[in-house]
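Here's structure01.tsv, which has TSV, C-alpha atoms and all ligand atoms:
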chain	number	residue	atom	x	y	z
A	19	MET	CA	0.00	0.00	0.00
A	20	ALA	CA	1.40	3.39	-1.04
A	21	ASP	CA	2.21	5.88	1.67
A	22	ILE	CA	2.67	9.63	1.42
A	23	GLN	CA	6.46	9.50	1.50
A	24	SER	CA	6.54	7.36	-1.64
A	25	TYR	CA	4.82	10.22	-3.48
A	26	VAL	CA	6.77	13.14	-2.03
A	27	GLY	CA	9.06	14.49	-4.76
A	28	ASN	CA	8.14	11.52	-6.98
A	29	GLN	CA	8.53	12.83	-10.54
A	30	GLU	CA	7.00	9.75	-12.12
A	31	ALA	CA	3.81	10.10	-10.10
A	32	PHE	CA	3.77	13.92	-10.34
A	33	PRO	CA	5.47	14.97	-13.60
A	34	VAL	CA	5.05	18.67	-12.75
A	35	LEU	CA	7.89	18.20	-10.26
A	36	LYS	CA	10.33	17.93	-13.20
A	37	ASN	CA	9.72	21.49	-14.30
A	38	TRP	CA	8.14	23.57	-11.59
A	39	ASP	CA	8.02	24.30	-7.91
A	40	PHE	CA	4.25	24.50	-8.14
A	41	PHE	CA	2.30	26.06	-5.27
A	42	ASN	CA	-1.12	26.84	-6.67
A	43	HIS	CA	-3.25	23.82	-5.84
A	44	ALA	CA	-5.89	26.27	-4.64
A	45	GLY	CA	-6.05	27.36	-8.31
A	46	VAL	CA	-5.86	24.57	-10.87
A	47	ALA	CA	-3.71	21.56	-9.93
A	48	PRO	CA	-1.34	19.83	-12.34
A	49	LEU	CA	-2.57	16.30	-12.99
A	50	PRO	CA	-0.78	13.32	-11.46
A	51	ARG	CA	0.30	10.49	-13.76
A	52	ALA	CA	-2.45	8.23	-12.39
A	53	VAL	CA	-5.01	10.70	-13.72
A	54	THR	CA	-3.40	11.26	-17.12
A	55	ASP	CA	-3.05	7.46	-17.48
A	56	ALA	CA	-6.82	7.20	-16.92
A	57	LEU	CA	-7.41	9.90	-19.53
A	58	ARG	CA	-5.12	8.17	-22.06
A	59	LYS	CA	-6.90	4.87	-21.43
A	60	PHE	CA	-10.20	6.63	-22.03
A	61	ALA	CA	-8.95	8.11	-25.29
A	62	ASP	CA	-7.78	4.69	-26.53
A	63	GLU	CA	-11.06	3.08	-25.60
A	64	ALA	CA	-13.13	5.90	-27.06
A	65	GLU	CA	-11.55	5.29	-30.47
A	66	ARG	CA	-12.87	1.74	-30.39
A	67	GLY	CA	-16.46	2.55	-29.44
A	68	ALA	CA	-17.85	4.11	-26.31
A	69	TYR	CA	-20.04	1.53	-24.63
A	70	LEU	CA	-19.05	-1.63	-26.52
A	71	GLU	CA	-16.21	-3.01	-24.43
A	72	THR	CA	-15.58	-0.51	-21.69
A	73	THR	CA	-16.32	-0.38	-17.98
A	74	TRP	CA	-16.92	3.40	-17.98
A	75	TYR	CA	-20.36	3.44	-16.46
A	76	LYS	CA	-19.43	0.85	-13.83
A	77	ASP	CA	-16.38	2.96	-13.03
A	78	ILE	CA	-18.55	6.05	-12.61
A	79	GLU	CA	-20.62	4.11	-10.09
A	80	LYS	CA	-17.38	3.15	-8.29
A	81	LEU	CA	-16.49	6.84	-8.18
A	82	ARG	CA	-19.90	7.61	-6.67
A	83	ILE	CA	-19.26	5.08	-3.91
A	84	ALA	CA	-15.70	6.34	-3.32
A	85	SER	CA	-16.88	9.97	-3.23
A	86	ALA	CA	-19.59	9.09	-0.73
A	87	ALA	CA	-17.01	7.32	1.45
A	88	MET	CA	-14.74	10.38	1.32
A	89	LEU	CA	-17.58	12.53	2.70
A	90	ASN	CA	-19.08	9.93	5.05
A	91	ALA	CA	-22.23	9.99	2.94
A	92	HIS	CA	-24.28	7.35	1.08
A	93	ARG	CA	-23.97	6.83	-2.68
A	94	ASP	CA	-27.63	7.86	-3.01
A	95	GLU	CA	-26.65	11.30	-1.74
A	96	ILE	CA	-24.03	11.94	-4.45
A	97	ALA	CA	-24.53	13.48	-7.90
A	98	PHE	CA	-21.92	14.41	-10.48
A	99	ILE	CA	-21.82	18.03	-11.59
A	100	LYS	CA	-19.72	20.01	-14.00
A	101	ASN	CA	-18.34	22.39	-11.37
A	102	THR	CA	-18.87	23.91	-7.93
A	103	SER	CA	-21.04	26.67	-9.35
A	104	GLU	CA	-23.48	24.15	-10.78
A	105	GLY	CA	-23.95	22.43	-7.41
A	106	ILE	CA	-24.55	25.73	-5.63
A	107	SER	CA	-26.95	26.76	-8.39
A	108	ILE	CA	-28.88	23.50	-7.96
A	109	VAL	CA	-29.44	24.47	-4.32
A	110	ALA	CA	-30.23	28.11	-5.07
A	111	ASN	CA	-32.75	27.20	-7.76
A	112	GLY	CA	-34.20	24.05	-6.21
A	113	ILE	CA	-35.73	25.43	-3.00
A	114	ASP	CA	-39.15	27.06	-2.57
A	115	TRP	CA	-37.81	30.44	-1.48
A	116	GLN	CA	-40.23	33.02	-0.20
A	117	PRO	CA	-39.78	36.79	-0.45
A	118	GLY	CA	-37.84	37.99	2.59
A	119	ASP	CA	-35.97	34.71	3.11
A	120	GLN	CA	-32.45	35.51	4.21
A	121	ILE	CA	-29.29	33.74	3.06
A	122	VAL	CA	-26.16	34.25	5.16
A	123	THR	CA	-22.66	34.03	3.74
A	124	THR	CA	-19.37	35.94	4.11
A	125	ALA	CA	-18.15	39.05	2.30
A	126	VAL	CA	-15.01	37.20	1.14
A	127	GLU	CA	-16.51	34.23	-0.69
A	128	TYR	CA	-15.47	33.17	-4.15
A	129	PRO	CA	-18.16	34.51	-6.53
A	130	ALA	CA	-19.41	30.98	-7.25
A	131	ASN	CA	-21.10	31.25	-3.85
A	132	ILE	CA	-22.31	34.85	-4.26
A	133	TYR	CA	-23.90	35.31	-7.67
A	134	PRO	CA	-26.42	32.42	-7.40
A	135	TRP	CA	-27.79	34.12	-4.26
A	136	MET	CA	-27.72	37.58	-5.79
A	137	GLU	CA	-29.86	36.14	-8.54
A	138	LEU	CA	-32.36	35.05	-5.86
A	139	GLU	CA	-32.42	38.59	-4.53
A	140	ARG	CA	-33.33	39.75	-8.02
A	141	SER	CA	-35.81	37.03	-8.92
A	142	ARG	CA	-37.41	35.93	-5.64
A	143	GLY	CA	-37.06	38.87	-3.26
A	144	CYS	CA	-34.61	37.03	-0.97
A	145	LYS	CA	-31.92	38.88	0.96
A	146	LEU	CA	-28.22	38.03	0.92
A	147	VAL	CA	-26.31	38.87	4.11
A	148	MET	CA	-22.52	38.98	3.77
A	149	VAL	CA	-20.64	38.85	7.07
A	150	ALA	CA	-17.44	40.93	6.99
A	151	GLU	CA	-13.88	39.74	7.51
A	152	THR	CA	-11.86	41.30	10.32
A	153	SER	CA	-8.15	41.61	10.97
A	154	ASP	CA	-6.38	40.94	14.28
A	155	ALA	CA	-3.45	42.93	15.68
A	156	GLU	CA	-0.98	40.80	13.69
A	157	GLY	CA	-2.86	41.19	10.42
A	158	ARG	CA	-4.41	37.69	10.38
A	159	ARG	CA	-7.73	37.94	8.58
A	160	SER	CA	-10.84	35.91	9.33
A	161	VAL	CA	-14.61	36.10	9.49
A	162	PRO	CA	-15.54	35.70	13.17
A	163	LEU	CA	-17.64	32.66	14.05
A	164	ASP	CA	-19.81	34.69	16.45
A	165	ALA	CA	-20.75	37.15	13.71
A	166	ILE	CA	-21.81	34.30	11.40
A	167	LEU	CA	-23.86	32.63	14.13
A	168	ALA	CA	-25.52	35.93	15.09
A	169	ARG	CA	-26.78	36.46	11.52
A	170	ALA	CA	-27.65	32.76	11.19
A	171	ALA	CA	-29.86	33.05	14.29
A	172	GLU	CA	-32.05	35.79	12.83
A	173	PRO	CA	-35.59	34.53	12.23
A	174	ALA	CA	-35.51	35.49	8.53
A	175	THR	CA	-32.40	33.38	7.90
A	176	ARG	CA	-33.25	30.22	6.01
A	177	MET	CA	-29.82	29.18	4.86
A	178	VAL	CA	-26.15	29.61	5.70
A	179	THR	CA	-23.82	29.03	2.75
A	180	LEU	CA	-20.05	29.10	3.17
A	181	SER	CA	-16.77	27.95	1.73
A	182	HIS	CA	-15.24	25.57	4.23
A	183	VAL	CA	-11.94	27.27	3.35
A	184	GLU	CA	-11.96	30.85	2.06
A	185	PHE	CA	-10.10	31.11	-1.25
A	186	ALA	CA	-8.09	34.26	-0.46
A	187	SER	CA	-7.31	34.23	3.28
A	188	GLY	CA	-7.26	30.45	3.59
A	189	GLN	CA	-9.42	30.63	6.73
A	190	ARG	CA	-10.98	27.27	7.55
A	191	HIS	CA	-14.36	27.92	9.13
A	192	ASP	CA	-15.52	25.94	12.14
A	193	ILE	CA	-18.22	24.32	10.07
A	194	LYS	CA	-18.98	21.67	12.65
A	195	THR	CA	-20.15	24.37	15.05
A	196	ILE	CA	-21.96	26.29	12.32
A	197	GLY	CA	-23.56	23.12	10.95
A	198	ARG	CA	-24.78	21.99	14.36
A	199	PHE	CA	-26.16	25.45	15.08
A	200	CYS	CA	-28.03	25.41	11.77
A	201	ARG	CA	-29.43	21.94	12.36
A	202	GLU	CA	-30.60	22.83	15.88
A	203	HIS	CA	-32.21	26.07	14.72
A	204	GLY	CA	-33.86	24.69	11.58
A	205	LYS	CA	-31.63	26.50	9.06
A	206	LEU	CA	-30.24	24.91	5.91
A	207	PHE	CA	-26.47	24.65	5.56
A	208	CYS	CA	-24.65	24.62	2.23
A	209	VAL	CA	-20.86	24.24	1.86
A	210	ASP	CA	-18.51	25.03	-1.01
A	211	ALA	CA	-15.85	22.39	-0.41
A	212	ILE	CA	-13.57	22.91	-3.40
A	213	GLN	CA	-10.76	24.20	-1.18
A	214	THR	CA	-11.20	21.23	1.17
A	215	LEU	CA	-11.72	17.93	-0.61
A	216	GLY	CA	-8.47	16.11	-1.19
A	217	VAL	CA	-6.54	17.98	1.45
A	218	LEU	CA	-8.63	18.27	4.64
A	219	PRO	CA	-10.95	15.62	6.08
A	220	MET	CA	-14.67	16.12	5.50
A	221	ASP	CA	-17.57	14.46	7.28
A	222	VAL	CA	-20.99	15.69	6.20
A	223	LYS	CA	-22.77	13.89	9.02
A	224	GLU	CA	-20.58	15.11	11.86
A	225	MET	CA	-20.57	18.63	10.35
A	226	CYS	CA	-24.37	18.61	9.82
A	227	ILE	CA	-24.01	19.65	6.17
A	228	ASP	CA	-27.17	19.67	4.03
A	229	TYR	CA	-25.64	20.44	0.64
A	230	LEU	CA	-22.02	20.35	-0.54
A	231	SER	CA	-20.44	21.14	-3.87
A	232	ALA	CA	-16.89	20.85	-5.22
A	233	ASP	CA	-15.24	20.57	-8.58
A	234	GLY	CA	-12.27	18.22	-8.80
A	235	HIS	CA	-9.59	20.48	-10.26
A	236	LYS	CA	-7.89	21.77	-7.12
A	237	TRP	CA	-6.79	19.64	-4.16
A	238	LEU	CA	-8.60	16.58	-5.49
A	239	LEU	CA	-6.10	16.60	-8.39
A	240	GLY	CA	-8.70	15.80	-11.04
A	241	PRO	CA	-9.42	17.43	-14.39
A	242	GLU	CA	-11.50	20.60	-14.60
A	243	GLY	CA	-15.21	20.24	-15.20
A	244	ALA	CA	-16.01	17.09	-13.20
A	245	GLY	CA	-17.24	17.62	-9.66
A	246	ILE	CA	-19.15	16.17	-6.75
A	247	PHE	CA	-22.47	17.29	-5.28
A	248	TYR	CA	-23.81	15.99	-1.96
A	249	ILE	CA	-27.37	16.41	-0.75
A	250	ARG	CA	-28.62	15.07	2.58
A	251	ARG	CA	-31.06	12.29	1.81
A	252	GLU	CA	-33.97	13.91	3.69
A	253	LEU	CA	-33.74	17.00	1.46
A	254	ILE	CA	-33.92	15.23	-1.90
A	255	GLU	CA	-37.72	15.38	-2.11
A	256	LYS	CA	-37.70	19.04	-1.06
A	257	THR	CA	-35.10	20.16	-3.61
A	258	ARG	CA	-36.38	20.24	-7.20
A	259	PRO	CA	-33.75	19.73	-9.90
A	260	PRO	CA	-33.54	22.97	-11.85
A	261	LEU	CA	-32.13	21.30	-14.97
A	262	ILE	CA	-34.27	18.56	-16.49
A	263	GLY	CA	-33.30	16.19	-19.27
A	264	TRP	CA	-33.56	12.52	-20.07
A	265	MET	CA	-31.49	11.22	-17.14
A	266	ASN	CA	-33.20	12.69	-14.04
A	267	VAL	CA	-35.92	10.03	-14.06
A	268	VAL	CA	-36.42	6.53	-12.63
A	269	ASP	CA	-36.66	4.74	-15.95
A	270	ALA	CA	-34.23	6.74	-18.04
A	271	LEU	CA	-33.27	3.89	-20.39
A	272	ASN	CA	-36.87	3.21	-21.45
A	273	TYR	CA	-36.76	6.18	-23.73
A	274	GLY	CA	-40.23	6.06	-25.22
A	275	THR	CA	-42.28	5.53	-22.07
A	276	TYR	CA	-42.05	9.21	-21.02
A	277	ASN	CA	-42.40	8.27	-17.38
A	278	TYR	CA	-41.59	11.62	-15.82
A	279	THR	CA	-40.93	10.38	-12.29
A	280	LEU	CA	-37.80	11.86	-10.74
A	281	ARG	CA	-35.25	9.49	-9.28
A	282	PRO	CA	-35.50	9.14	-5.49
A	283	ASP	CA	-31.71	9.57	-5.10
A	284	ALA	CA	-29.27	12.37	-5.96
A	285	GLY	CA	-29.12	11.05	-9.52
A	286	ARG	CA	-32.18	13.27	-10.06
A	287	TYR	CA	-29.77	16.23	-10.30
A	288	GLU	CA	-27.96	14.69	-13.30
A	289	CYS	CA	-29.86	15.81	-16.39
A	290	GLY	CA	-27.95	14.17	-19.25
A	291	SER	CA	-24.78	12.39	-20.40
A	292	TYR	CA	-21.76	12.41	-18.13
A	293	ASN	CA	-18.41	14.08	-18.62
A	294	VAL	CA	-16.96	10.57	-18.90
A	295	PRO	CA	-13.26	11.43	-19.31
A	296	GLY	CA	-13.47	13.98	-16.51
A	297	LEU	CA	-15.09	11.51	-14.15
A	298	LEU	CA	-12.66	8.71	-15.01
A	299	GLY	CA	-9.79	11.10	-14.31
A	300	LEU	CA	-11.41	12.15	-11.04
A	301	LYS	CA	-11.86	8.51	-10.09
A	302	ALA	CA	-8.13	7.85	-10.47
A	303	ALA	CA	-7.40	10.87	-8.29
A	304	VAL	CA	-9.94	10.00	-5.59
A	305	GLU	CA	-8.64	6.43	-5.44
A	306	MET	CA	-5.07	7.64	-4.95
A	307	LEU	CA	-6.09	10.08	-2.21
A	308	THR	CA	-8.23	7.45	-0.50
A	309	VAL	CA	-5.30	5.02	-0.30
A	310	LEU	CA	-3.11	7.73	1.23
A	311	GLY	CA	-5.77	8.61	3.80
A	312	ALA	CA	-7.17	11.98	4.84
A	313	GLN	CA	-5.39	12.06	8.19
A	314	ALA	CA	-1.96	11.37	6.69
A	315	ILE	CA	-2.49	14.09	4.07
A	316	LEU	CA	-3.62	16.49	6.81
A	317	ALA	CA	-0.50	15.86	8.88
A	318	ARG	CA	1.76	16.33	5.86
A	319	MET	CA	0.00	19.59	4.94
A	320	LYS	CA	0.41	20.97	8.44
A	321	ALA	CA	4.13	20.23	8.38
A	322	LEU	CA	4.65	21.78	4.93
A	323	THR	CA	2.62	24.93	5.60
A	324	ASP	CA	4.23	25.40	9.04
A	325	ARG	CA	7.64	25.23	7.40
A	326	LEU	CA	6.57	27.76	4.78
A	327	ILE	CA	5.17	30.13	7.40
A	328	ASP	CA	8.27	29.91	9.58
A	329	GLY	CA	10.43	30.80	6.58
A	330	LEU	CA	8.17	33.63	5.45
A	331	SER	CA	8.01	35.12	8.95
A	332	ALA	CA	11.79	34.92	9.31
A	333	LYS	CA	12.09	36.92	6.09
A	334	GLY	CA	9.74	39.61	7.36
A	335	TYR	CA	6.60	38.72	5.43
A	336	GLN	CA	3.28	39.28	7.12
A	337	ILE	CA	1.14	36.15	7.42
A	338	ILE	CA	-2.51	36.84	6.60
A	339	SER	CA	-3.90	33.31	6.96
A	340	PRO	CA	-5.22	32.30	10.38
A	341	ARG	CA	-3.23	29.41	11.84
A	342	GLU	CA	-4.68	28.80	15.29
A	343	ASP	CA	-6.44	25.53	16.18
A	344	ASP	CA	-8.24	24.17	13.12
A	345	ALA	CA	-8.51	27.51	11.28
A	346	TRP	CA	-5.45	26.74	9.11
A	347	SER	CA	-5.69	25.18	5.64
A	348	GLY	CA	-3.52	24.41	2.61
A	349	ILE	CA	-3.66	28.08	1.61
A	350	VAL	CA	-0.97	30.42	2.89
A	351	SER	CA	-1.74	34.08	2.22
A	352	PHE	CA	1.07	36.52	2.92
A	353	ALA	CA	2.14	40.07	2.21
A	354	SER	CA	5.20	42.25	1.91
A	355	THR	CA	5.30	45.85	3.02
A	356	LYS	CA	8.43	46.50	0.95
A	357	HIS	CA	8.06	44.74	-2.39
A	358	ASP	CA	5.56	44.86	-5.23
A	359	HIS	CA	3.43	41.72	-5.14
A	360	SER	CA	2.85	41.43	-8.90
A	361	LEU	CA	6.55	41.74	-9.55
A	362	ILE	CA	7.27	39.00	-7.02
A	363	VAL	CA	4.84	36.61	-8.74
A	364	SER	CA	6.18	37.29	-12.23
A	365	THR	CA	9.82	37.11	-11.17
A	366	LEU	CA	9.31	33.81	-9.37
A	367	ARG	CA	7.59	32.38	-12.42
A	368	LYS	CA	10.04	33.64	-15.05
A	369	GLU	CA	13.34	33.40	-13.26
A	370	HIS	CA	12.84	30.59	-10.78
A	371	ARG	CA	10.05	28.45	-12.24
A	372	ILE	CA	8.20	28.82	-8.96
A	373	GLU	CA	4.44	29.25	-9.15
A	374	ILE	CA	2.48	31.22	-6.57
A	375	VAL	CA	-0.36	33.65	-7.31
A	376	LEU	CA	-1.87	36.97	-6.35
A	377	ARG	CA	-5.29	36.85	-4.69
A	378	GLU	CA	-7.12	39.92	-3.41
A	379	GLY	CA	-3.86	41.88	-3.57
A	380	ARG	CA	-1.91	39.38	-1.49
A	381	LEU	CA	0.50	36.58	-2.26
A	382	ARG	CA	-0.95	33.07	-2.05
A	383	ALA	CA	0.99	29.80	-1.92
A	384	SER	CA	-0.81	26.48	-1.78
A	385	PRO	CA	1.48	23.43	-1.73
A	386	HIS	CA	0.13	19.87	-1.80
A	387	PHE	CA	1.34	16.79	0.03
A	388	TYR	CA	3.72	15.70	-2.74
A	389	ASN	CA	5.72	18.95	-2.68
A	390	THR	CA	9.09	18.59	-0.98
A	391	GLU	CA	10.69	20.49	1.89
A	392	GLU	CA	13.41	21.54	-0.56
A	393	GLN	CA	10.80	23.14	-2.80
A	394	ILE	CA	9.40	25.11	0.13
A	395	ASP	CA	12.93	26.24	1.03
A	396	ARG	CA	13.58	27.29	-2.58
A	397	LEU	CA	10.45	29.44	-2.55
A	398	ILE	CA	11.51	31.13	0.66
A	399	ALA	CA	15.03	31.69	-0.66
A	400	ALA	CA	13.79	33.12	-3.97
A	401	LEU	CA	11.50	35.70	-2.35
A	402	PRO	CA	13.03	39.18	-2.03
B	1	LIG	C1	-14.03	28.71	-3.00
B	1	LIG	C2	-14.14	28.46	-4.47
B	1	LIG	N1	-15.30	28.04	-5.00
B	1	LIG	C3	-15.44	27.75	-6.30
B	1	LIG	C4	-14.37	27.89	-7.17
B	1	LIG	C5	-14.49	27.52	-8.61
B	1	LIG	O1	-15.81	27.28	-8.99
B	1	LIG	P1	-16.15	26.28	-10.19
B	1	LIG	O2	-15.83	24.91	-9.74
B	1	LIG	O3	-17.59	26.50	-10.42
B	1	LIG	O4	-15.32	26.69	-11.36
B	1	LIG	C6	-13.15	28.37	-6.68
B	1	LIG	C7	-11.99	28.57	-7.60
B	1	LIG	O5	-11.05	29.24	-7.34
B	1	LIG	C8	-13.04	28.64	-5.31
B	1	LIG	O6	-11.88	29.04	-4.77
What is this structure when it is put down as structure tokens?
Amino acid sequence: MADIQSYVGNQEAFPVLKNWDFFNHAGVAPLPRAVTDALRKFADEAERGAYLETTWYKDIEKLRIASAAMLNAHRDEIAFIKNTSEGISIVANGIDWQPGDQIVTTAVEYPANIYPWMELERSRGCKLVMVAETSDAEGRRSVPLDAILARAAEPATRMVTLSHVEFASGQRHDIKTIGRFCREHGKLFCVDAIQTLGVLPMDVKEMCIDYLSADGHKWLLGPEGAGIFYIRRELIEKTRPPLIGWMNVVDALNYGTYNYTLRPDAGRYECGSYNVPGLLGLKAAVEMLTVLGAQAILARMKALTDRLIDGLSAKGYQIISPREDDAWSGIVSFASTKHDHSLIVSTLRKEHRIEIVLREGRLRASPHFYNTEEQIDRLIAALP
């Protein structure tokens, strides 16, 4: 059985290691060899005829079971989506909103979790509440838990919708506390988990999550455009699929019967043919991550990001990401008071083949478990 160390710095398994010190897994991850092998296999098989001699559709079912296991959910609670936005839009458009219903989120969400709710303000008279981020004396930025819970408690609030990990600051919200609060107070709870899956453990039952959405192209190490949607079983009948096609129904393969009865499981949110190559690629990635184990990946990520933060602090950079308790994540946001951030990013890329990015005016590095300590040290050394 493979362990993490056998992947660290392994150029065969992670070809990107040959050319780059890549630290933007919170953006779009380079694909591991296991995933590109799955894509090549798909391409070979596709030339010979899609459904004739392949196991594609059985493999997609295996992915559904593996995805459910990763979330501590049931396969009936998992649908495949084309991206995070689609999953959030299914939630936003599937519920019987009433005018005045309030939706609580933060003011620092990725727009995938803002615009679907703004559309509800426009079309259904709902209200979107965005809780502000604050900064502590050291410049660490986070959205306070108390402020989220206070807005969640308001009688008009029907849903809280949050990224588990905020894309710019890297703050990991205490979603277990928020989820339990929502469950106890009869509020719905929706989570954008794209900055979580593949790098931090996720348990939808323990965290009382009602809906979860994540594309596979970041920490999950899958191709873009193939993602996972979770819906708590009890909510399936109450959440209408906004997109309807031939596949949402119980008897989809009996084409001519026109039996418009929605599936009783999360398959009712899948309206037509799958992104087969994307899902086969995602399957290879999920299987690799499952073998390594969420706890082992978590421990490796803590060690790598701690090393990075120690080095950055020693060089005088300000750390923006919260690090206390469980508020840390794979995202390290940092800032310089002396040097131009855009110039830093472009110089690292052009002169050092080191990839970090600019987010909300700050520098953001997001290593994954297979990055080496030497790579982290090279990044620190290359920074002005
Ligand atoms: C928190 C968050 N949500 C969603 C996305 C991407 O959304 P989608 O999967 O719809 O492209 C990103 C990408 O950066 C993100 O950081």
Can I get the residues close to ligand LIG 1 (chain B) as JSON, numbers by chain, where close means within 6 Å and we count all atoms listed in the file? {"A": [45, 101, 102, 103, 128, 130, 181, 184, 185, 210, 212, 213, 233]}
Could you give me, as JSON lines, a per-residue list for segment 315-351 of chain A showing, wherever an atom lies at most 6 Å from an atom of segment 187-207 of chain A, the closest pair of atoms and their distance in Å to one decimal, using all atoms listed in the file and sorting by chain then residue number from low to high?
{"residue": "A:Ser339", "atom": "CA", "partner": "A:Ser187", "partner_atom": "CA", "distance": 5.1}
{"residue": "A:Pro340", "atom": "CA", "partner": "A:Gln189", "partner_atom": "CA", "distance": 5.8}
{"residue": "A:Ala345", "atom": "CA", "partner": "A:Arg190", "partner_atom": "CA", "distance": 4.5}
{"residue": "A:Trp346", "atom": "CA", "partner": "A:Arg190", "partner_atom": "CA", "distance": 5.8}
{"residue": "A:Ser347", "atom": "CA", "partner": "A:Gly188", "partner_atom": "CA", "distance": 5.9}
{"residue": "A:Ile349", "atom": "CA", "partner": "A:Gly188", "partner_atom": "CA", "distance": 4.7}
{"residue": "A:Ser351", "atom": "CA", "partner": "A:Ser187", "partner_atom": "CA", "distance": 5.7}
Could you jot down the atom CA of Ile108 of chain A to atom CA of Lys256 of chain A separation for me, Å, one decimal place?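 Atom CA of Ile108 of chain A sits 12.1 Å away from atom CA of Lys256 of chain A.
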Which of A:Trp115, A:Gly157, A:Ala317, A:Ala312 sits closest to Tyr335 of chain A [using all atoms listed in the file]: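 Among A:Trp115, A:Gly157, A:Ala317, A:Ala312, it is A:Gly157 that comes nearest to Tyr335 of chain A.
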Set the distance at 12 Å and use all atoms listed in the file: which residues neighbour Ala20 of chain A once local chain neighbours fewer than 5 positions away are removed? I'd like the list as a list of chain:residue names. A:Tyr25, A:Val26, A:Ala31, A:Glu305, A:Met306, A:Leu307, A:Thr308, A:Val309, A:Leu310, A:Gly311, A:Ala314
